[in-house]
Structure formats: structure tokens, C-alpha cells
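J.: Following this message is one structure expressed as C-alpha cells.
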Amino acid sequence: MVRRIDVTGAGGLRLAAWEFADSPENAPPTGPPGPTGPPGPSAPGVLLLHGLMGRASHWAPTARWLSGRHRAVALDQRGHGRSDKAPQEEYTREAYVEDAEAALEQLGLAPAVLVGHAMGALTAWQLAAKRPDLVRGLVICDMRASALGAASQREWEHWFKAWPMPFATLADVRKWFGEDDPWVERPSPSRGEFYAEVMHETADGWRPVFEPEQMLKSRETWVYDAHWEELAQVRCPALVVRGLDGELGRAESQEMVRVLPHGRYAEVADAGHLVHYDRPQAWRTAIEPFLDGVLTG
């Protein structure tokens, strides 16, 4: 069972949060009424934050097994999924962090564990540094702390222009992102499915639910800077997870663990950047002991 709860983010933007439970009869005991909808459960909270171009539904397998013992909520971040699109100048790091902060407070999740992938992981550790009272644990999935630089941003600009939009069918989406995309080194059906999930049908074909220009604007707010200082300010237990074929290298991930005051490390074999989507069972094996220790310890 999944239910939508609307959250008011930075600048009054409407954000869609999605709460997962195994089934109505297995839902945990309820606590005080939430801001919208029926009363919210009082189980330990987990907030799941997707990466750039992602959406809350990408976390569904993770959220479903979490919901057996914990309160699992995935957030569509601004400009993504079912959340509203902000004006171009409002895709700042501060806005993303304030949105996650608002979600924790309005949903009554805090102190929660934040699980973030890529951009969502950066948002998570920036919030943990800013508001340690709201965060009891942190999972960082395949996000670098080093600056990526101008060349990286130009590559992304060229990549977006290469998309053969609109796509005629979802099968075309899956094939292009899973096989034909120049960024794909070898066929990846899971990558094709990942991008099919962020498309919607329009009058002339299938297009992304987000605006590519807003994604580039979001990205340029972090690629030119390093984020080691904020990482060092995270006081809660933190787990750094990398796919062996992902974007976060072993040396940098281990340095991140060293910089974190209470850092730990895990890796997932045969997984790329989309670790939780590529290898959902191996991902669960990597993070579940950490989550259980933080949430029930």
C-alpha cells in the first residue's frame, strides 16, 4: 500500500511524499494526525531521497521491505515526479535541503534515517550537517564529495541534447537508455527501466516528467564545489555505499568514510551508479544491518 501526503517545501512549493506499508492490515500503530490524510504511523522514520532525474517510485522495493518495521517515506523532490516545478532560479542547494527538512518536520519522521542516492545523498548529508536534531543516521549511495567541474556540466548539456525526443514508445525509451545511449558501456536493462519510469505520454510521444533545463540548473549548484566540509560536520552514524562500476571510486569513498566522524563503508558488486535499482537484493544486504542498528539500537 502506498499513500500520497503533500508537503509544503521551501517557498511554498507543493511536494509529493509517498508513504509505503506492506498492507492496510499490517500497518504499524498510528500516532498523532499528520498534516494531511489519515493519522501517521509512529514507527521509526526513514526518508528516501532520489537522485537527479529520479522519482520516489524508484525506491519502491527498498521502501516496501523497510515498511515491515519502520515508517518509510519517499519524497518526490522539487521538479521531479509528482511534485511541482519551481521557477528556474529556485533549484538551489538550499531549497533542496529545506524541502527535505520540511518533509521530516511536517510528516513527524524525525529523528529519521536519511537514505539518499546521488544528488539525494548530497541533500541528505547537507541536512544532517545543518540539523543534527532531525537525523539519527545517514546512507550515502554513490555520491562524490569532490567537485566535478565545468567539463562535467558541459558533458551533461551535450547528453541532454542527444536524447532522441520525443520517444515513440516506452520500448524505445528502454532501448535507447539501456543500449543505444553513448554513455552505456554495455547493455543495461535496469537502466532502461529506470528512465522509462520517469517518462509520461504527451500528444507527440513520450517525454520526461521533468524539464531538462531545470535538471541542469539543479546540477550546476553542486558540481563546481567540493562538499568535504559539510561531510565532516555530520555527527550521526553514516554508511557510504558504492557500486563497483558506479561513479564513486574506491579511494574517494574510503576518504569520505575517514572524513565522516562515524563513517562506515559498503560496496555492491556488479552494480553501476543505480546501485539500489541495479541490484536490489544486494543493496538490501549491504544496508539493512546498518539501518537496523541505527533504528533499533
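Ordering of the C-alpha cells sets the chain letters (A, B, ...); residue numbers start at 1 within each chain; ligands are numbered from 1 in the order shown.
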Just the residues within 12 Å of Arg191 (chain A), please, counting only C-alpha atoms, with nothing from its chain fewer than 2 positions along; format it as an NGL selection string.
T.: :A and (54 or 58 or 173-181 or 183-189 or 193-198 or 271-279)
J.: Please, which residues of region 26-237 of chain A, numbered as in this document, come out alpha helix (DSSP H) from DSSP, as a PyMOL selection string?
T.: chain A and resi 60-66+93-107+119-130+150-162+170-175+189-196+212-220+228-232
J.: When DSSP works through the backbone of this structure, what residues of region 171-257 of chain A end up as strand (DSSP E or B), shown as a list in words?
T.: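 Across region 171-257 of chain A, those assigned strand (DSSP E or B) are Met199, His200, Glu201, Thr202, Gly205, Trp206, Arg207, Pro208, Ala238, Leu239, Val240, Val241, Arg242 and Gly243 of chain A.
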J.: Could you write those residues out with all heavy atoms, as a short mmCIF file (atom, residue, chain, number, x, y, z; two decimals), in the first residue's frame?
T.:
data_model
loop_
_atom_site.label_atom_id
_atom_site.label_comp_id
_atom_site.auth_asym_id
_atom_site.auth_seq_id
_atom_site.Cartn_x
_atom_site.Cartn_y
_atom_site.Cartn_z
N MET A 199 9.19 8.81 -17.54
CA MET A 199 8.57 9.33 -18.75
C MET A 199 7.06 9.37 -18.62
O MET A 199 6.47 8.58 -17.87
CB MET A 199 8.95 8.46 -19.96
CG MET A 199 10.44 8.43 -20.27
SD MET A 199 11.03 10.01 -20.95
CE MET A 199 12.83 9.76 -20.84
N HIS A 200 6.44 10.27 -19.35
CA HIS A 200 4.98 10.29 -19.42
C HIS A 200 4.57 10.57 -20.86
O HIS A 200 5.32 11.14 -21.64
CB HIS A 200 4.37 11.32 -18.46
CG HIS A 200 4.67 12.75 -18.82
ND1 HIS A 200 3.73 13.75 -18.73
CD2 HIS A 200 5.80 13.35 -19.28
CE1 HIS A 200 4.26 14.90 -19.11
NE2 HIS A 200 5.51 14.68 -19.44
N GLU A 201 3.38 10.12 -21.20
CA GLU A 201 2.91 10.24 -22.57
C GLU A 201 2.33 11.62 -22.83
O GLU A 201 1.52 12.13 -22.06
CB GLU A 201 1.87 9.17 -22.88
CG GLU A 201 1.54 9.06 -24.35
CD GLU A 201 0.68 7.85 -24.66
OE1 GLU A 201 0.08 7.28 -23.73
OE2 GLU A 201 0.63 7.46 -25.85
N THR A 202 2.78 12.25 -23.90
CA THR A 202 2.28 13.56 -24.32
C THR A 202 1.64 13.41 -25.70
O THR A 202 1.60 12.32 -26.28
CB THR A 202 3.42 14.59 -24.38
OG1 THR A 202 4.35 14.20 -25.41
CG2 THR A 202 4.16 14.65 -23.05
N GLY A 205 4.32 12.04 -28.14
CA GLY A 205 5.15 10.91 -27.76
C GLY A 205 5.51 10.95 -26.29
O GLY A 205 4.87 11.64 -25.49
N TRP A 206 6.54 10.20 -25.91
CA TRP A 206 6.94 10.07 -24.51
C TRP A 206 8.08 11.03 -24.19
O TRP A 206 9.11 11.07 -24.87
CB TRP A 206 7.37 8.64 -24.22
CG TRP A 206 6.20 7.69 -24.29
CD1 TRP A 206 5.68 7.10 -25.40
CD2 TRP A 206 5.40 7.26 -23.20
NE1 TRP A 206 4.60 6.31 -25.08
CE2 TRP A 206 4.41 6.39 -23.72
CE3 TRP A 206 5.42 7.50 -21.82
CZ2 TRP A 206 3.45 5.78 -22.92
CZ3 TRP A 206 4.47 6.89 -21.02
CH2 TRP A 206 3.50 6.04 -21.57
N ARG A 207 7.88 11.81 -23.14
CA ARG A 207 8.86 12.80 -22.70
C ARG A 207 9.05 12.68 -21.18
O ARG A 207 8.19 12.15 -20.48
CB ARG A 207 8.39 14.23 -23.03
CG ARG A 207 8.29 14.50 -24.53
CD ARG A 207 7.80 15.93 -24.81
NE ARG A 207 7.73 16.22 -26.23
CZ ARG A 207 8.75 16.67 -26.95
NH1 ARG A 207 9.91 16.90 -26.36
NH2 ARG A 207 8.60 16.92 -28.24
N PRO A 208 10.17 13.20 -20.65
CA PRO A 208 10.39 13.11 -19.21
C PRO A 208 9.41 13.97 -18.42
O PRO A 208 8.92 15.00 -18.92
CB PRO A 208 11.83 13.62 -19.03
CG PRO A 208 12.09 14.45 -20.24
CD PRO A 208 11.30 13.83 -21.35
N ALA A 238 26.97 7.09 9.69
CA ALA A 238 26.76 7.24 8.25
C ALA A 238 27.41 6.08 7.51
O ALA A 238 28.53 5.66 7.83
CB ALA A 238 27.35 8.56 7.77
N LEU A 239 26.69 5.57 6.51
CA LEU A 239 27.18 4.46 5.69
C LEU A 239 27.37 4.96 4.26
O LEU A 239 26.43 5.48 3.65
CB LEU A 239 26.16 3.31 5.71
CG LEU A 239 26.50 2.08 4.87
CD1 LEU A 239 27.70 1.34 5.47
CD2 LEU A 239 25.29 1.16 4.77
N VAL A 240 28.56 4.81 3.73
CA VAL A 240 28.86 5.17 2.34
C VAL A 240 28.81 3.89 1.51
O VAL A 240 29.54 2.94 1.78
CB VAL A 240 30.24 5.83 2.22
CG1 VAL A 240 30.57 6.13 0.76
CG2 VAL A 240 30.30 7.11 3.04
N VAL A 241 27.93 3.87 0.50
CA VAL A 241 27.75 2.69 -0.34
C VAL A 241 28.10 3.04 -1.78
O VAL A 241 27.66 4.06 -2.30
CB VAL A 241 26.28 2.19 -0.29
CG1 VAL A 241 26.14 0.89 -1.08
CG2 VAL A 241 25.81 2.01 1.14
N ARG A 242 28.88 2.17 -2.39
CA ARG A 242 29.22 2.38 -3.80
C ARG A 242 28.98 1.11 -4.60
O ARG A 242 29.17 -0.01 -4.11
CB ARG A 242 30.67 2.82 -3.97
CG ARG A 242 31.70 1.79 -3.54
CD ARG A 242 33.12 2.30 -3.75
NE ARG A 242 33.51 2.33 -5.14
CZ ARG A 242 34.20 1.36 -5.75
NH1 ARG A 242 34.57 0.29 -5.08
NH2 ARG A 242 34.53 1.47 -7.02
N GLY A 243 28.53 1.29 -5.85
CA GLY A 243 28.53 0.19 -6.79
C GLY A 243 29.92 0.09 -7.38
O GLY A 243 30.55 1.10 -7.69
#
J.: Choose the residue, out of A:Leu75, A:Gly192, A:Gly45, A:Glu94, that has the smallest atom-to-atom separation from Thr296 (chain A); count only C-alpha atoms.
T.: A:Gly45
J.: Write out as a ChimeraX atom specification which residues come within 12 Å of Leu260 (chain A) when counting only C-alpha atoms, dropping same-chain ones fewer than 2 positions away.
T.: /A:125,128-129,137-140,145,227-240,253-258,262-265
J.: Select, from A:Leu13, A:Leu295, A:Met1, A:Asp245, the residue with the minimum atom-to-atom distance to Ala86 (chain A), counting only C-alpha atoms.
T.: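 When distances to Ala86 (chain A) are compared using only C-alpha atoms, the smallest one comes from A:Leu13.
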J.: Using only C-alpha atoms for the distances, tell me which of A:Ala103, A:Met215, A:Val268, A:Ala171 is nearest to His80 (chain A).
T.: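 Using only C-alpha atoms, the shortest distance to His80 (chain A) belongs to A:Met215.
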J.: Quick one: of A:Leu66, A:Val115, A:Thr221, A:Ala43, who's nearest to Val135 (chain A), counting only C-alpha atoms?
T.: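 The closest residue to Val135 (chain A) is A:Val115.
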J.: If you count only C-alpha atoms, which residues fall within 7 Å of Tyr224 (chain A), apart from same-chain ones fewer than 3 positions away, as a list of chain:residue names?
T.: A:Ala147, A:Leu148, A:Gly149, A:Ala150, A:Glu220
J.: So which residues touch region 82-85 of chain A within 10 Å, counting only C-alpha atoms, skipping near sequence neighbours fewer than 3 positions away, as a VMD selection string?
T.: chain A and resid 4 6 to 7 9 13 to 17 55 to 56 75 to 79 88 90 to 91 209 to 211 214
J.: From the options A:Trp156, A:Gln106, A:Asp204, A:Gly246, which residue's atoms come nearest to Thr169 (chain A), counting only C-alpha atoms?
T.: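 With only C-alpha atoms as the atom set, the closest residue is A:Asp204.
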J.: How far is it from CA of Ala60 (chain A) to CA of Val294 (chain A), in Å with one decimal?
T.: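 Pair CA of Ala60 (chain A) / CA of Val294 (chain A) returns 21.1 Å.
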J.: Between CA of Gly120 (chain A) and CA of Asp172 (chain A), measure the distance and give it in Å to one decimal.
T.: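 Computed distance, CA of Gly120 (chain A) to CA of Asp172 (chain A), equals 27.6 Å.
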J.: Suppose you want the space between CA of Glu157 (chain A) and CA of Cys141 (chain A); what is it in Å?
T.: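 Rounded to one decimal, the two atoms are 23.7 Å apart.
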J.: Go through A:Pro132, A:Pro212, A:Pro111, A:Gly11 and flag the residue nearest Lys161 (chain A), using only C-alpha atoms for the distances.
T.: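 Ranking A:Pro132, A:Pro212, A:Pro111, A:Gly11 by distance to Lys161 (chain A), first place goes to A:Pro212.
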